[in-house]
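**Q** Pasting my_file.cif below, which is mmCIF, C-alpha atoms.
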```cif
data_start
#
loop_
_atom_site.label_atom_id
_atom_site.label_comp_id
_atom_site.auth_asym_id
_atom_site.auth_seq_id
_atom_site.Cartn_x
_atom_site.Cartn_y
_atom_site.Cartn_z
CA MET N 47 -10.99 64.21 13.36
CA TYR N 48 -10.43 60.46 13.07
CA THR N 49 -12.51 58.33 10.76
CA VAL N 50 -12.99 54.65 11.66
CA ILE N 51 -13.61 52.23 8.82
CA PHE N 52 -14.75 48.67 9.55
CA LEU N 53 -14.06 46.07 6.89
CA GLN N 54 -16.16 42.94 6.92
CA GLU N 55 -15.38 39.69 5.15
CA GLY N 56 -18.17 38.32 2.99
CA MET N 57 -19.20 34.72 2.32
CA SER N 58 -16.63 34.29 -0.45
CA GLY N 59 -13.86 35.12 2.02
CA SER N 60 -14.77 32.22 4.29
CA LEU N 61 -14.69 29.89 1.30
CA MET N 62 -11.27 31.19 0.32
CA SER N 63 -9.96 30.56 3.84
CA MET N 64 -11.10 26.91 3.59
CA LEU N 65 -9.45 26.36 0.20
CA PRO N 66 -5.95 25.48 1.54
CA PHE N 67 -7.42 22.84 3.86
CA LEU N 68 -9.41 21.30 1.02
CA ALA N 69 -6.31 21.30 -1.18
CA ILE N 70 -4.33 19.46 1.52
CA ILE N 71 -7.04 16.80 1.79
CA VAL N 72 -7.06 16.28 -1.99
CA VAL N 73 -3.25 16.00 -2.09
CA PHE N 74 -3.26 13.44 0.75
CA TYR N 75 -5.90 11.40 -1.05
CA PHE N 76 -4.11 11.27 -4.41
CA PHE N 77 -0.56 10.84 -3.11
CA MET N 78 -1.06 8.67 -0.02
CA ILE N 79 -4.46 7.04 0.38
CA ARG N 80 -5.26 6.03 -3.21
CA PRO N 81 -1.87 4.40 -4.00
CA GLN N 82 -2.04 2.45 -0.72
CA MET N 83 -5.50 1.13 -1.61
CA ASN N 84 -4.25 0.04 -5.05
CA ARG N 85 -1.26 -1.70 -3.46
CA GLN N 86 -3.55 -3.58 -1.06
CA LYS N 87 -5.80 -4.74 -3.91
CA LYS N 88 -2.81 -6.07 -5.87
CA GLU N 89 -1.44 -7.85 -2.79
CA LYS N 90 -4.79 -9.53 -2.06
CA ALA N 91 -5.06 -10.68 -5.68
CA PHE N 92 -1.50 -12.03 -5.53
CA GLN N 93 -2.20 -13.92 -2.29
CA ALA N 94 -5.30 -15.50 -3.82
CA GLU N 95 -3.36 -16.68 -6.92
CA ILE N 96 -0.39 -18.19 -5.06
CA LYS N 97 0.53 -21.71 -6.22
CA LYS N 98 2.60 -24.56 -4.87
CA GLY N 99 6.27 -24.43 -5.92
CA ALA N 100 6.47 -20.65 -6.22
CA LYS N 101 9.45 -18.88 -4.63
CA VAL N 102 8.18 -16.18 -2.27
CA VAL N 103 9.24 -13.68 0.38
CA THR N 104 7.18 -13.24 3.54
CA SER N 105 6.44 -9.92 5.18
CA SER N 106 9.04 -10.79 7.84
CA GLY N 107 11.71 -11.24 5.13
CA ILE N 108 11.97 -15.04 5.00
CA HIS N 109 12.72 -16.40 1.52
CA GLY N 110 11.51 -19.85 0.56
CA LYS N 111 9.53 -22.08 -1.76
CA ILE N 112 5.89 -22.98 -1.13
CA ALA N 113 5.66 -26.66 -0.18
CA GLU N 114 1.98 -26.92 0.82
CA ILE N 115 -1.16 -24.80 0.70
CA ASN N 116 -3.96 -25.42 3.20
CA GLU N 117 -7.10 -23.69 1.90
CA ALA N 118 -9.24 -24.68 4.91
CA GLU N 119 -6.96 -23.03 7.48
CA GLY N 120 -5.70 -20.28 5.21
CA THR N 121 -2.08 -21.26 5.79
CA ILE N 122 0.91 -22.14 3.64
CA THR N 123 4.03 -24.13 4.42
CA ILE N 124 7.25 -22.60 3.15
CA GLU N 125 10.36 -24.68 2.65
CA THR N 126 13.54 -22.80 3.57
CA GLY N 127 17.17 -23.81 3.98
CA ALA N 128 16.54 -24.48 7.68
CA GLY N 129 13.36 -26.54 7.21
CA LYS N 130 9.65 -26.03 6.75
CA ILE N 131 7.75 -23.15 8.36
CA LYS N 132 3.98 -22.66 8.49
CA PHE N 133 2.67 -19.13 7.78
CA GLU N 134 -0.67 -17.43 7.35
CA ARG N 135 -1.44 -16.88 3.70
CA SER N 136 -1.55 -13.13 4.30
CA ALA N 137 2.10 -13.15 5.46
CA VAL N 138 3.38 -13.66 1.90
CA SER N 139 4.35 -10.31 0.45
CA MET N 140 5.85 -10.99 -2.99
CA GLU N 141 6.86 -13.67 -5.45
CA LEU N 142 10.40 -14.21 -6.69
CA THR N 143 9.76 -16.94 -9.28
CA ASN N 144 9.38 -14.63 -12.29
CA LYS N 145 11.57 -11.82 -11.00
CA LYS N 146 14.61 -11.22 -13.17
CA LEU N 147 17.73 -9.45 -12.05
CA THR N 148 18.82 -6.72 -14.43
CA PRO N 149 22.54 -6.15 -14.94
CA ALA N 150 23.95 -3.00 -13.41
CA LYS N 151 24.67 -0.19 -15.88
CA LYS N 152 28.16 1.24 -15.97
#
```
What is this file in structure tokens?
**A**
Amino acid sequence: MYTVIFLQEGMSGSLMSMLPFLAIIVVFYFFMIRPQMNRQKKEKAFQAEIKKGAKVVTSSGIHGKIAEINEAEGTITIETGAGKIKFERSAVSMELTNKKLTPAKK
């Protein structure tokens, strides 16, 4: 009559079913987590090396020149066209002093 065959998955099959999930975790680490950690390290090093007179951009997009640095409070005073503004040192995102504009290619 009818023959019934039962197929069972072994231990290697369960490992193979976990492989796509492990691959996704590895891809997330190398393409998202690791570059973000490197970016944070560079930003912290930049914020520690900031000097008076440097032209900077804050995280809120305000451009200005550093007028004063207060190490005790961890603040900086930025001189803009409208006046002086006091920011936390961590609010500075990048420096514009050494940045050079490249001419557009035709």
**Q** Given the choices N:Lys98, N:Thr143, N:Leu68, N:Gly107, which gets closest to N:Thr123 if the distance is worked out from all atoms listed in the file?
**A**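 Answer, going by the shortest atom-to-atom distance: N:Lys98.
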**Q** Rounded to one decimal, what separation in Å do you get between atom CA of N:Ala69 and atom CA of N:Gln82?
**A** 19.3 Å
**Q** Quick check on the file I pasted: which residues fall under the PyMOL selection byres ((chain N and resi 103) around 9)? Write them as a PyMOL selection string.
**A** chain N and resi 101-102+104-111+137-142
**Q** What separation in Å, quoted to one decimal, exists between atom CA of N:Arg80 and atom CA of N:Met64?
**A**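 The value is 22.7 Å.
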**Q** Could you tell me how far atom CA of N:Met83 sits from atom CA of N:Phe133, in Å to one decimal place?
**A**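 Between these atoms lies a distance of 23.8 Å.
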**Q** How would stretch 90-120 of chain N read, as a tab-separated table (two decimals), in the frame of the given file, once N, CA and C atoms are built in?
**A**
```tsv
chain	number	residue	atom	x	y	z
N	90	LYS	N	-3.74	-8.54	-2.30
N	90	LYS	CA	-4.79	-9.53	-2.06
N	90	LYS	C	-4.98	-10.45	-3.27
N	91	ALA	N	-4.92	-9.87	-4.47
N	91	ALA	CA	-5.06	-10.68	-5.68
N	91	ALA	C	-3.88	-11.65	-5.81
N	92	PHE	N	-2.68	-11.18	-5.49
N	92	PHE	CA	-1.50	-12.03	-5.53
N	92	PHE	C	-1.63	-13.18	-4.53
N	93	GLN	N	-2.07	-12.89	-3.32
N	93	GLN	CA	-2.20	-13.92	-2.29
N	93	GLN	C	-3.24	-14.96	-2.66
N	94	ALA	N	-4.27	-14.56	-3.39
N	94	ALA	CA	-5.30	-15.50	-3.82
N	94	ALA	C	-4.80	-16.40	-4.95
N	95	GLU	N	-3.85	-15.92	-5.76
N	95	GLU	CA	-3.36	-16.68	-6.92
N	95	GLU	C	-2.12	-17.52	-6.62
N	96	ILE	N	-1.63	-17.50	-5.41
N	96	ILE	CA	-0.39	-18.19	-5.06
N	96	ILE	C	-0.51	-19.69	-5.34
N	97	LYS	N	0.55	-20.29	-5.87
N	97	LYS	CA	0.53	-21.71	-6.22
N	97	LYS	C	1.70	-22.43	-5.56
N	98	LYS	N	1.56	-23.73	-5.45
N	98	LYS	CA	2.60	-24.56	-4.87
N	98	LYS	C	3.83	-24.54	-5.78
N	99	GLY	N	5.01	-24.44	-5.17
N	99	GLY	CA	6.27	-24.43	-5.92
N	99	GLY	C	6.80	-23.05	-6.24
N	100	ALA	N	6.03	-22.02	-5.93
N	100	ALA	CA	6.47	-20.65	-6.22
N	100	ALA	C	7.47	-20.20	-5.15
N	101	LYS	N	8.48	-19.46	-5.57
N	101	LYS	CA	9.45	-18.88	-4.63
N	101	LYS	C	8.88	-17.55	-4.17
N	102	VAL	N	8.81	-17.37	-2.84
N	102	VAL	CA	8.18	-16.18	-2.27
N	102	VAL	C	9.02	-15.59	-1.15
N	103	VAL	N	8.66	-14.36	-0.77
N	103	VAL	CA	9.24	-13.68	0.38
N	103	VAL	C	8.08	-13.31	1.29
N	104	THR	N	8.22	-13.60	2.58
N	104	THR	CA	7.18	-13.24	3.54
N	104	THR	C	7.35	-11.80	3.98
N	105	SER	N	6.36	-11.29	4.69
N	105	SER	CA	6.44	-9.92	5.18
N	105	SER	C	7.54	-9.76	6.23
N	106	SER	N	7.95	-10.85	6.86
N	106	SER	CA	9.04	-10.79	7.84
N	106	SER	C	10.41	-10.95	7.18
N	107	GLY	N	10.45	-11.18	5.86
N	107	GLY	CA	11.71	-11.24	5.13
N	107	GLY	C	12.26	-12.63	4.91
N	108	ILE	N	11.50	-13.66	5.19
N	108	ILE	CA	11.97	-15.04	5.00
N	108	ILE	C	11.74	-15.45	3.55
N	109	HIS	N	12.79	-15.93	2.90
N	109	HIS	CA	12.72	-16.40	1.52
N	109	HIS	C	12.54	-17.90	1.54
N	110	GLY	N	11.71	-18.41	0.63
N	110	GLY	CA	11.51	-19.85	0.56
N	110	GLY	C	10.61	-20.23	-0.60
N	111	LYS	N	10.37	-21.53	-0.69
N	111	LYS	CA	9.53	-22.08	-1.76
N	111	LYS	C	8.30	-22.70	-1.11
N	112	ILE	N	7.14	-22.47	-1.70
N	112	ILE	CA	5.89	-22.98	-1.13
N	112	ILE	C	5.83	-24.49	-1.30
N	113	ALA	N	5.72	-25.20	-0.17
N	113	ALA	CA	5.66	-26.66	-0.18
N	113	ALA	C	4.21	-27.15	-0.14
N	114	GLU	N	3.37	-26.50	0.69
N	114	GLU	CA	1.98	-26.92	0.82
N	114	GLU	C	1.08	-25.70	0.98
N	115	ILE	N	-0.16	-25.84	0.51
N	115	ILE	CA	-1.16	-24.80	0.70
N	115	ILE	C	-2.38	-25.44	1.34
N	116	ASN	N	-2.79	-24.92	2.50
N	116	ASN	CA	-3.96	-25.42	3.20
N	116	ASN	C	-5.07	-24.39	3.08
N	117	GLU	N	-6.01	-24.64	2.17
N	117	GLU	CA	-7.10	-23.69	1.90
N	117	GLU	C	-8.04	-23.57	3.09
N	118	ALA	N	-8.29	-24.68	3.81
N	118	ALA	CA	-9.24	-24.68	4.91
N	118	ALA	C	-8.78	-23.77	6.06
N	119	GLU	N	-7.50	-23.84	6.39
N	119	GLU	CA	-6.96	-23.03	7.48
N	119	GLU	C	-6.46	-21.67	7.03
N	120	GLY	N	-6.25	-21.53	5.73
N	120	GLY	CA	-5.70	-20.28	5.21
N	120	GLY	C	-4.21	-20.14	5.49
```
